[in-house]
Amino acid sequence: MPKQLLTCLFILFTAVAFAQDTLYNIVPQMKYVKKQTRDSVQVLREPDFLDYLDELSISSYHVNGNVTDAPNAISVLTTKDLQRNNTTDISPVLNTLPGVLMQSGGINTNRISIRGIGARTPYGTNKIRAFYGNIPLTSGDSETTIEDIDLEMMRRVEVIKGPQSSVYGAGLGGAILIEPQYNAALSGSRARTSTTHGSFGMLKNTATYSYASKKALISIGYHNLKTDGWRKNSAYNREGITLAGNVKITKTGTLTYFGNHMYMKAYIPSSVTLDSFNNTPQAAAPTWAASKGFERYTSYMGGVGYDWNVAGTVQNATSLFISGKENYEPRPFDILTQNNTAWGARTQFKGFFDVGTSQLFFIAGAEYFNDGFTGGTFQNLYQDNNGNGTLQGSRLTGSEQKRNFINAFAQARLEMIWGLQLQLGINYNKTQFGLDNTFPAGSASSEDYSYNGIWAPQAAIMYNIGSGTLYASASRGFSMPAIEETLTPDGTINPNIKPESGYNFEVGYKANILKDERLYVEVSLYTMQVNNLLVAQRVGDDQYVGINAGKTLHRGIEASLRYSLSIAGDWRLTPYTAASIGQYEFKEFVNNDVDYSGKELTGVPKNKINGGFTFNMPYGLYVSADYYYVDQIPMNDANSAYADSYNLLNAKAGWNKTYGINNHDALTFSLSVGINNIANTHYASMVLVNATGFNGAQPRYYYPGLPVNYYGNVGVSYAF
């Protein structure tokens with residue numbers, strides 16, 4: 001174990017022990033069903049720390065309303081957390097969370113793993129569901145993309161770790177919930193604009209306008225992000241517009257709406273060999289550079305929801321959504337085209353009723369999702385195009401895919417004797433999909449397949465200790481195969497493929513402690529075994545064969561701490577630290593007659609450390625810094641190749657100031673500058689797991705991380 005990890009854990013747990021021994025004037029834990037208003041919180045806590053503690057409240061899709069009272073590991077990123085870096089890339093802020101790793105090979109090339117789940121996905125993120133408001137960001141093909149959402153359009157992010165939420169589909173990796181940012185004034189209008197400039201030609205401009213009244217809210221925002229990229233063939237351009245708001249229809253009913261349209265084009269440098277990584281990391285993979293490969297798409301999503309009081313203490317929230325994406329991706333070996341369309345609906349009832357002298361709180365509902373795409377591949381004749389890159393040739397393949405599922409869920413919590421609380425949940429999933437191979441005509445086929453229904457139960461018990469919660473939970477989760485993981489070598493569906501499934505067991509403690517609850521502490525220990533491990537074996541440039549190859553074991557400890565220290569007047573220091581110690585391994589794994597049992601799980605580090613602080617000063621000045629340590633990462637199942645461990649240090653300084661023009665108007669200015677990777681560390685920001693080298697070439701495992709880079713931001717906001 002590295003000395004940095006030991007040092008961090010010593011500091012963390014010493015602080016926790018010290019805090020437990022010096023508890024002073026603890027505010028009794030509020031019942032999670034009682035209304036906790038902002039005004040009542042302000043009486044108890046100091047204003048600057050209020051923003052963080054107040055946003056520890058979690059979304060309405062839980063039977064409780066505060067993260068400290070939830071019987072599972074939920075991490076929350078507030079608006080300030082999301083904007084503590086350059087406002088263009090979510091990976092630095094998501095990586096401050098224990099148990100979460102977002103590897104980034106570029107703005108459009110990312111892989112998120114939670115507690116090792118999803119680490120072996122070759123490209124992209126799966127086994128983790130994500131939502132933007134009520135709209136799923138996870139496709140019917142199990143792929144999740146959150147990096148397209150502008151950071152300044154996010155108010156808050158919740159990360160539920162592990163299969164502990166019956167309400168969100170019981171995925172093995174958990175769920176990521178993004179709450180939209182409305183940028184609204186309390187009443188009247190607010191206009192805001194900002195610009196960010198940075199290294200390697202990075203430029204981001206945003207503009208938003210919102211209007212709020214007693215009965216309605218409307219917000220519209222535009223952003224444009226461009227960068228030349230530091231590697232060859234890595235230029236990026238994205239622009240989008242977002243519309244959101246709500247209207248109070250009746251005294252007890254509110255209509256909400258949301259819409260987003262985006263265009264993106266990103267050139268792809270791809271991964272490189274070890275020699276290139278060490279000597280010419282700025283270079284692109286030769287074939288991707290020669291073909292000038294890129295990804296281009298337009299996308300949209302929209303939704304409408306209605307929240308209303310059904311009767312007494314029972315409320316209902318119902319929403320409808322639609323999304324689409326048209327993608328064109330020239331690659332060295334072919335050109336991929338896809339046109340996706342998805343739609344669905346969700347309804348849930350939430351409330352409570354008396355059971356003797358106790359109260360039972362519940363959520364129950366259902367979700368329907370339908371997704372499909374048409375697409376295919378074409379020849380890429382870039383070698384015959386006089387160095388001009390991609391040239392589309394004849395069609396190679398054509399296919400249509402469709403998938404739909406229904407999730408039915410229920411969750412309930414009951415107050416018991418001696419201060420104990422029992423929470424029970426259940427999720428039922430029924431998934432079916434179809435695959436039509438439409439070209440070439442001679443191999444055309446049409447197949448439909450349906451998985452057996454999956455029941456995923458969850459149970460937890462909690463005990464309130466002062467202002468904290470001690471909990472133990474057990475839950476079952478599952479992950480459906482991506483369609484390529486269900487295919488045979490001839491491209492037909494293999495009916496023997498089974499979903500991954502596993503049981504998660506966890507104990508933990510979380511609390512706001514010390515005077516005025518200025519210290520937040522969370523510790524959790526977990527173990528989970530995943531059965532029917534899905535392996536997508538690459539048998540061609542864009543051809544995979546899926547098999548269920550064994551079992552993996554995921555277990556570890558996560559701890560985090562955040563403290564607010566008032567020094568004097570407007571001087572305030574808010575440090576944080578977080579650590580993850582994991583053991584991720586193949587328990588039983590035989591692939592191509594090779595036994596990998598006992599090997600470390602590919603694509604995930606054992607240990608990860610984060611630490612940092614924000615130092616607020618008079619006149620709206622502040623300084624913040626973040627430190628990251630990531631342990632070495634096994635890059636193949638045989639554990640014969642590892643990406644080296646690395647340390648990163650980022651820092652930012654800024655100024656925020658609001659001027660009251662009269663009793664209603666306010667003008668706010670912001671200015672910030674920052675440096676990422678201050679030490680100019682040479683590291684792999686993402687690895688391609690189980691990369692293979694063809695014709696004796698080295699495997700291309702490495703996506704080189706950005707060297708030292710700088711940025712500056714200027715913003716102005718006017719409420720009137």
# chains A, B, ... in the order shown; residues from 1 in each chain; ligands from 1

call {"tool": "select_by_dssp", "arguments": {"residues": "stretch 494-561 of chain A", "states": "strand (DSSP E)", "output": "PyMOL selection string"}}
result
chain A and resi 500-513+519-531+534-540+543-548+550-561

call {"tool": "residues_around", "arguments": {"residues": "stretch 496-512 of chain A", "least_positions_apart": "4", "cutoff": "7 Å", "atoms": "only C-alpha atoms", "output": "mmCIF file with N, CA and C atoms, in the first residue's frame"}}
result
data_model
loop_
_atom_site.group_PDB
_atom_site.id
_atom_site.type_symbol
_atom_site.label_atom_id
_atom_site.label_comp_id
_atom_site.auth_asym_id
_atom_site.auth_seq_id
_atom_site.Cartn_x
_atom_site.Cartn_y
_atom_site.Cartn_z
ATOM 1 N N THR A 68 -27.767 11.828 4.818
ATOM 2 C CA THR A 68 -27.312 11.249 6.083
ATOM 3 C C THR A 68 -28.299 10.246 6.643
ATOM 4 N N PRO A 163 -25.981 -1.717 -6.199
ATOM 5 C CA PRO A 163 -27.392 -2.004 -6.515
ATOM 6 C C PRO A 163 -28.290 -1.787 -5.305
ATOM 7 N N SER A 467 -26.570 12.719 15.669
ATOM 8 C CA SER A 467 -26.870 13.323 14.373
ATOM 9 C C SER A 467 -26.418 12.446 13.220
ATOM 10 N N GLY A 468 -26.142 11.175 13.477
ATOM 11 C CA GLY A 468 -25.664 10.276 12.440
ATOM 12 C C GLY A 468 -26.531 9.045 12.303
ATOM 13 N N THR A 469 -26.221 8.244 11.294
ATOM 14 C CA THR A 469 -26.964 7.028 11.000
ATOM 15 C C THR A 469 -25.994 5.874 10.797
ATOM 16 N N LEU A 470 -26.224 4.798 11.525
ATOM 17 C CA LEU A 470 -25.504 3.545 11.331
ATOM 18 C C LEU A 470 -26.435 2.606 10.590
ATOM 19 N N TYR A 471 -25.947 1.979 9.511
ATOM 20 C CA TYR A 471 -26.841 1.144 8.706
ATOM 21 C C TYR A 471 -26.149 -0.128 8.242
ATOM 22 N N ALA A 472 -26.974 -1.111 7.908
ATOM 23 C CA ALA A 472 -26.522 -2.345 7.262
ATOM 24 C C ALA A 472 -27.542 -2.681 6.191
ATOM 25 N N SER A 473 -27.078 -3.107 5.035
ATOM 26 C CA SER A 473 -27.997 -3.376 3.933
ATOM 27 C C SER A 473 -27.561 -4.589 3.136
ATOM 28 N N ALA A 474 -28.520 -5.203 2.485
ATOM 29 C CA ALA A 474 -28.285 -6.299 1.544
ATOM 30 C C ALA A 474 -29.177 -6.060 0.339
ATOM 31 N N SER A 475 -28.620 -6.231 -0.861
ATOM 32 C CA SER A 475 -29.390 -5.952 -2.065
ATOM 33 C C SER A 475 -28.904 -6.810 -3.217
ATOM 34 N N ARG A 476 -29.808 -7.090 -4.134
ATOM 35 C CA ARG A 476 -29.460 -7.819 -5.348
ATOM 36 C C ARG A 476 -29.516 -6.861 -6.527
ATOM 37 N N GLY A 477 -28.554 -6.991 -7.437
ATOM 38 C CA GLY A 477 -28.526 -6.163 -8.623
ATOM 39 C C GLY A 477 -28.293 -6.992 -9.866
ATOM 40 N N PHE A 478 -28.474 -6.357 -11.015
ATOM 41 C CA PHE A 478 -28.267 -7.059 -12.283
ATOM 42 C C PHE A 478 -27.865 -6.054 -13.348
ATOM 43 N N SER A 479 -27.245 -6.538 -14.409
ATOM 44 C CA SER A 479 -26.891 -5.729 -15.568
ATOM 45 C C SER A 479 -27.206 -6.521 -16.824
ATOM 46 N N MET A 480 -27.998 -5.916 -17.706
ATOM 47 C CA MET A 480 -28.344 -6.571 -18.955
ATOM 48 C C MET A 480 -27.177 -6.493 -19.939
ATOM 49 N N PRO A 481 -27.003 -7.503 -20.778
ATOM 50 C CA PRO A 481 -25.936 -7.449 -21.778
ATOM 51 C C PRO A 481 -26.197 -6.360 -22.813
ATOM 52 N N THR A 486 -24.399 -10.270 -26.880
ATOM 53 C CA THR A 486 -25.324 -11.389 -27.067
ATOM 54 C C THR A 486 -25.115 -12.100 -28.401
ATOM 55 N N GLU A 517 -22.786 21.148 13.394
ATOM 56 C CA GLU A 517 -22.718 20.099 12.367
ATOM 57 C C GLU A 517 -21.797 20.483 11.222
ATOM 58 N N ARG A 518 -20.646 21.049 11.528
ATOM 59 C CA ARG A 518 -19.751 21.530 10.475
ATOM 60 C C ARG A 518 -18.807 20.452 9.953
ATOM 61 N N LEU A 519 -18.869 19.253 10.500
ATOM 62 C CA LEU A 519 -18.039 18.146 10.029
ATOM 63 C C LEU A 519 -18.946 17.055 9.486
ATOM 64 N N TYR A 520 -18.771 16.715 8.215
ATOM 65 C CA TYR A 520 -19.527 15.624 7.614
ATOM 66 C C TYR A 520 -18.595 14.440 7.422
ATOM 67 N N VAL A 521 -19.020 13.272 7.908
ATOM 68 C CA VAL A 521 -18.203 12.063 7.882
ATOM 69 C C VAL A 521 -19.021 10.928 7.291
ATOM 70 N N GLU A 522 -18.389 10.131 6.447
ATOM 71 C CA GLU A 522 -19.055 8.951 5.897
ATOM 72 C C GLU A 522 -18.043 7.834 5.715
ATOM 73 N N VAL A 523 -18.386 6.640 6.208
ATOM 74 C CA VAL A 523 -17.543 5.450 6.073
ATOM 75 C C VAL A 523 -18.447 4.286 5.673
ATOM 76 N N SER A 524 -18.030 3.491 4.703
ATOM 77 C CA SER A 524 -18.811 2.322 4.301
ATOM 78 C C SER A 524 -17.881 1.177 3.938
ATOM 79 N N LEU A 525 -18.320 -0.034 4.247
ATOM 80 C CA LEU A 525 -17.618 -1.262 3.886
ATOM 81 C C LEU A 525 -18.590 -2.132 3.104
ATOM 82 N N TYR A 526 -18.124 -2.735 2.005
ATOM 83 C CA TYR A 526 -19.036 -3.487 1.153
ATOM 84 C C TYR A 526 -18.345 -4.713 0.580
ATOM 85 N N THR A 527 -19.153 -5.677 0.178
ATOM 86 C CA THR A 527 -18.671 -6.835 -0.570
ATOM 87 C C THR A 527 -19.768 -7.265 -1.537
ATOM 88 N N MET A 528 -19.388 -7.591 -2.759
ATOM 89 C CA MET A 528 -20.346 -8.002 -3.778
ATOM 90 C C MET A 528 -19.687 -9.011 -4.707
ATOM 91 N N GLN A 529 -20.389 -10.105 -4.964
ATOM 92 C CA GLN A 529 -19.939 -11.085 -5.949
ATOM 93 C C GLN A 529 -20.845 -11.017 -7.167
ATOM 94 N N VAL A 530 -20.238 -10.875 -8.337
ATOM 95 C CA VAL A 530 -20.981 -10.802 -9.592
ATOM 96 C C VAL A 530 -20.881 -12.146 -10.301
ATOM 97 N N ASN A 531 -22.026 -12.712 -10.624
ATOM 98 C CA ASN A 531 -22.085 -13.992 -11.315
ATOM 99 C C ASN A 531 -22.403 -13.789 -12.796
ATOM 100 N N ASN A 532 -22.113 -14.810 -13.588
ATOM 101 C CA ASN A 532 -22.353 -14.773 -15.045
ATOM 102 C C ASN A 532 -21.641 -13.594 -15.693
ATOM 103 N N LEU A 533 -20.376 -13.396 -15.323
ATOM 104 C CA LEU A 533 -19.579 -12.295 -15.861
ATOM 105 C C LEU A 533 -19.651 -12.279 -17.382
ATOM 106 N N LEU A 534 -20.019 -11.122 -17.932
ATOM 107 C CA LEU A 534 -20.133 -10.974 -19.379
ATOM 108 C C LEU A 534 -18.797 -10.553 -19.975
ATOM 109 N N ILE A 547 -19.792 -14.025 -24.103
ATOM 110 C CA ILE A 547 -19.918 -15.253 -23.326
ATOM 111 C C ILE A 547 -20.069 -14.891 -21.851
ATOM 112 N N ASN A 548 -20.714 -15.769 -21.083
ATOM 113 C CA ASN A 548 -20.694 -15.682 -19.628
ATOM 114 C C ASN A 548 -19.517 -16.520 -19.147
#

call {"tool": "residues_around", "arguments": {"residues": "A:Gly376", "least_positions_apart": "3", "cutoff": "6 Å", "atoms": "only C-alpha atoms", "output": "VMD selection string"}}
result
chain A and resid 336 to 337 397 to 399

call {"tool": "residues_around", "arguments": {"residues": "A:Arg115", "least_positions_apart": "6", "cutoff": "8 Å", "atoms": "only C-alpha atoms", "output": "list in words"}}
result
Gly99, Val100, Lys161, Gly162, Gly173, His554, Arg555 and Gly582 of chain A

call {"tool": "write_last_selection", "arguments": {"atoms": "N, CA and C atoms", "output": "PDB file, in the first residue's frame"}}
result
ATOM      1  N   GLY A  99     -14.710   5.611  -4.480  1.00  0.00           N
ATOM      2  CA  GLY A  99     -15.339   4.485  -5.164  1.00  0.00           C
ATOM      3  C   GLY A  99     -15.712   4.744  -6.594  1.00  0.00           C
ATOM      4  N   VAL A 100     -15.513   5.982  -7.077  1.00  0.00           N
ATOM      5  CA  VAL A 100     -15.908   6.354  -8.442  1.00  0.00           C
ATOM      6  C   VAL A 100     -14.661   6.709  -9.236  1.00  0.00           C
ATOM      7  N   LYS A 161     -24.129   4.335  -5.198  1.00  0.00           N
ATOM      8  CA  LYS A 161     -23.090   3.325  -5.453  1.00  0.00           C
ATOM      9  C   LYS A 161     -23.602   1.920  -5.131  1.00  0.00           C
ATOM     10  N   GLY A 162     -23.559   1.069  -6.150  1.00  0.00           N
ATOM     11  CA  GLY A 162     -24.006  -0.300  -5.971  1.00  0.00           C
ATOM     12  C   GLY A 162     -25.498  -0.454  -6.202  1.00  0.00           C
ATOM     13  N   GLY A 173     -23.798  -1.415 -10.928  1.00  0.00           N
ATOM     14  CA  GLY A 173     -22.910  -0.302 -10.631  1.00  0.00           C
ATOM     15  C   GLY A 173     -23.587   0.823  -9.884  1.00  0.00           C
ATOM     16  N   HIS A 554     -15.976  -8.032  -5.653  1.00  0.00           N
ATOM     17  CA  HIS A 554     -15.755  -6.608  -5.419  1.00  0.00           C
ATOM     18  C   HIS A 554     -15.952  -6.352  -3.927  1.00  0.00           C
ATOM     19  N   ARG A 555     -14.918  -5.892  -3.262  1.00  0.00           N
ATOM     20  CA  ARG A 555     -15.071  -5.550  -1.854  1.00  0.00           C
ATOM     21  C   ARG A 555     -14.097  -4.437  -1.497  1.00  0.00           C
ATOM     22  N   GLY A 582      -9.824  -0.958  -2.302  1.00  0.00           N
ATOM     23  CA  GLY A 582     -10.629  -2.020  -2.873  1.00  0.00           C
ATOM     24  C   GLY A 582      -9.843  -3.280  -3.177  1.00  0.00           C
TER      25      GLY A 582
END

call {"tool": "residues_around", "arguments": {"residues": "A:Asn95", "least_positions_apart": "3", "cutoff": "10 Å", "atoms": "only C-alpha atoms", "output": "PDB file with N, CA, C and O atoms, in the first residue's frame"}}
result
ATOM      1  N   ILE A  90     -16.420  17.086 -16.656  1.00  0.00           N
ATOM      2  CA  ILE A  90     -16.962  16.593 -15.399  1.00  0.00           C
ATOM      3  C   ILE A  90     -16.036  15.612 -14.694  1.00  0.00           C
ATOM      4  O   ILE A  90     -16.161  15.372 -13.494  1.00  0.00           O
ATOM      5  N   SER A  91     -15.060  15.040 -15.409  1.00  0.00           N
ATOM      6  CA  SER A  91     -14.243  13.986 -14.801  1.00  0.00           C
ATOM      7  C   SER A  91     -13.459  14.445 -13.570  1.00  0.00           C
ATOM      8  O   SER A  91     -13.384  13.688 -12.589  1.00  0.00           O
ATOM      9  N   PRO A  92     -12.846  15.650 -13.522  1.00  0.00           N
ATOM     10  CA  PRO A  92     -12.116  16.021 -12.306  1.00  0.00           C
ATOM     11  C   PRO A  92     -12.993  16.092 -11.061  1.00  0.00           C
ATOM     12  O   PRO A  92     -12.537  15.737  -9.966  1.00  0.00           O
ATOM     13  N   PRO A  98     -15.261   8.998  -3.482  1.00  0.00           N
ATOM     14  CA  PRO A  98     -14.678   7.679  -3.212  1.00  0.00           C
ATOM     15  C   PRO A  98     -15.445   6.582  -3.944  1.00  0.00           C
ATOM     16  O   PRO A  98     -16.675   6.625  -4.049  1.00  0.00           O
ATOM     17  N   GLY A  99     -14.710   5.611  -4.480  1.00  0.00           N
ATOM     18  CA  GLY A  99     -15.339   4.485  -5.164  1.00  0.00           C
ATOM     19  C   GLY A  99     -15.712   4.744  -6.594  1.00  0.00           C
ATOM     20  O   GLY A  99     -16.197   3.841  -7.283  1.00  0.00           O
ATOM     21  N   VAL A 100     -15.513   5.982  -7.077  1.00  0.00           N
ATOM     22  CA  VAL A 100     -15.908   6.354  -8.442  1.00  0.00           C
ATOM     23  C   VAL A 100     -14.661   6.709  -9.236  1.00  0.00           C
ATOM     24  O   VAL A 100     -13.815   7.472  -8.765  1.00  0.00           O
ATOM     25  N   LEU A 101     -14.528   6.157 -10.436  1.00  0.00           N
ATOM     26  CA  LEU A 101     -13.411   6.482 -11.311  1.00  0.00           C
ATOM     27  C   LEU A 101     -13.949   6.760 -12.711  1.00  0.00           C
ATOM     28  O   LEU A 101     -14.596   5.915 -13.320  1.00  0.00           O
ATOM     29  N   MET A 102     -13.683   7.974 -13.197  1.00  0.00           N
ATOM     30  CA  MET A 102     -14.037   8.328 -14.572  1.00  0.00           C
ATOM     31  C   MET A 102     -12.747   8.502 -15.352  1.00  0.00           C
ATOM     32  O   MET A 102     -12.019   9.467 -15.177  1.00  0.00           O
ATOM     33  N   GLN A 103     -12.445   7.527 -16.210  1.00  0.00           N
ATOM     34  CA  GLN A 103     -11.289   7.621 -17.086  1.00  0.00           C
ATOM     35  C   GLN A 103     -11.697   8.402 -18.335  1.00  0.00           C
ATOM     36  O   GLN A 103     -12.798   8.235 -18.857  1.00  0.00           O
ATOM     37  N   ILE A 112     -16.849   5.301 -17.022  1.00  0.00           N
ATOM     38  CA  ILE A 112     -17.100   5.452 -15.591  1.00  0.00           C
ATOM     39  C   ILE A 112     -17.252   4.068 -14.976  1.00  0.00           C
ATOM     40  O   ILE A 112     -17.999   3.225 -15.496  1.00  0.00           O
ATOM     41  N   LYS A 608      -7.509   4.577  -4.370  1.00  0.00           N
ATOM     42  CA  LYS A 608      -7.659   5.923  -4.906  1.00  0.00           C
ATOM     43  C   LYS A 608      -7.802   6.895  -3.741  1.00  0.00           C
ATOM     44  O   LYS A 608      -8.524   6.623  -2.774  1.00  0.00           O
ATOM     45  N   ILE A 609      -7.101   8.026  -3.822  1.00  0.00           N
ATOM     46  CA  ILE A 609      -7.134   9.038  -2.772  1.00  0.00           C
ATOM     47  C   ILE A 609      -7.447  10.387  -3.398  1.00  0.00           C
ATOM     48  O   ILE A 609      -6.956  10.711  -4.475  1.00  0.00           O
ATOM     49  N   ASN A 610      -8.259  11.147  -2.701  1.00  0.00           N
ATOM     50  CA  ASN A 610      -8.523  12.527  -3.099  1.00  0.00           C
ATOM     51  C   ASN A 610      -8.462  13.411  -1.864  1.00  0.00           C
ATOM     52  O   ASN A 610      -8.815  12.987  -0.771  1.00  0.00           O
ATOM     53  N   TYR A 628      -5.106  14.243  -6.416  1.00  0.00           N
ATOM     54  CA  TYR A 628      -5.599  12.928  -6.807  1.00  0.00           C
ATOM     55  C   TYR A 628      -4.433  11.933  -6.802  1.00  0.00           C
ATOM     56  O   TYR A 628      -3.375  12.215  -7.357  1.00  0.00           O
ATOM     57  N   VAL A 630      -4.061   7.899  -7.967  1.00  0.00           N
ATOM     58  CA  VAL A 630      -4.695   6.724  -8.555  1.00  0.00           C
ATOM     59  C   VAL A 630      -3.651   5.616  -8.637  1.00  0.00           C
ATOM     60  O   VAL A 630      -2.572   5.804  -9.212  1.00  0.00           O
TER      61      VAL A 630
END

call {"tool": "atom_distance", "arguments": {"atom1": "atom CA of A:Tyr449", "atom2": "atom CA of A:Ile493"}}
result
8.0 Å

call {"tool": "atom_distance", "arguments": {"atom1": "atom CA of A:Thr252", "atom2": "atom CA of A:Gln348"}}
result
16.1 Å

call {"tool": "closest_residue", "arguments": {"among": "A:Gly245, A:Gly365, A:Gly116, A:Pro704", "to": "A:Ser104", "atoms": "only C-alpha atoms"}}
result
A:Pro704

call {"tool": "residues_around", "arguments": {"residues": "A:Thr273", "least_positions_apart": "5", "cutoff": "8 Å", "atoms": "only C-alpha atoms", "output": "ChimeraX atom specification"}}
result
/A:698-702

call {"tool": "atom_distance", "arguments": {"atom1": "atom CA of A:Val159", "atom2": "atom CA of A:Tyr451"}}
result
27.7 Å

call {"tool": "closest_residue", "arguments": {"among": "A:Ile406, A:Val716, A:Leu396, A:Leu217", "to": "A:Asp371", "atoms": "only C-alpha atoms"}}
result
A:Ile406

call {"tool": "residues_around", "arguments": {"residues": "A:Gly603", "least_positions_apart": "6", "cutoff": "12 Å", "atoms": "only C-alpha atoms", "output": "JSON, numbers by chain"}}
result
{"A": [101, 102, 103, 111, 112, 113, 114, 115, 116, 117, 118, 119, 120, 121, 122, 123, 584, 585, 630, 631, 632, 633, 634, 635, 636, 637, 638, 639, 641, 642, 643, 684, 685, 686, 687, 688, 689, 690, 691, 701, 702]}

call {"tool": "select_by_dssp", "arguments": {"residues": "stretch 131-327 of chain A", "states": "alpha helix (DSSP H)", "output": "list of chain:residue names"}}
result
A:Leu274, A:Asp275, A:Ser276, A:Phe277, A:Asn278, A:Asn279, A:Pro286, A:Thr287, A:Trp288, A:Ala289, A:Ala290, A:Ser291
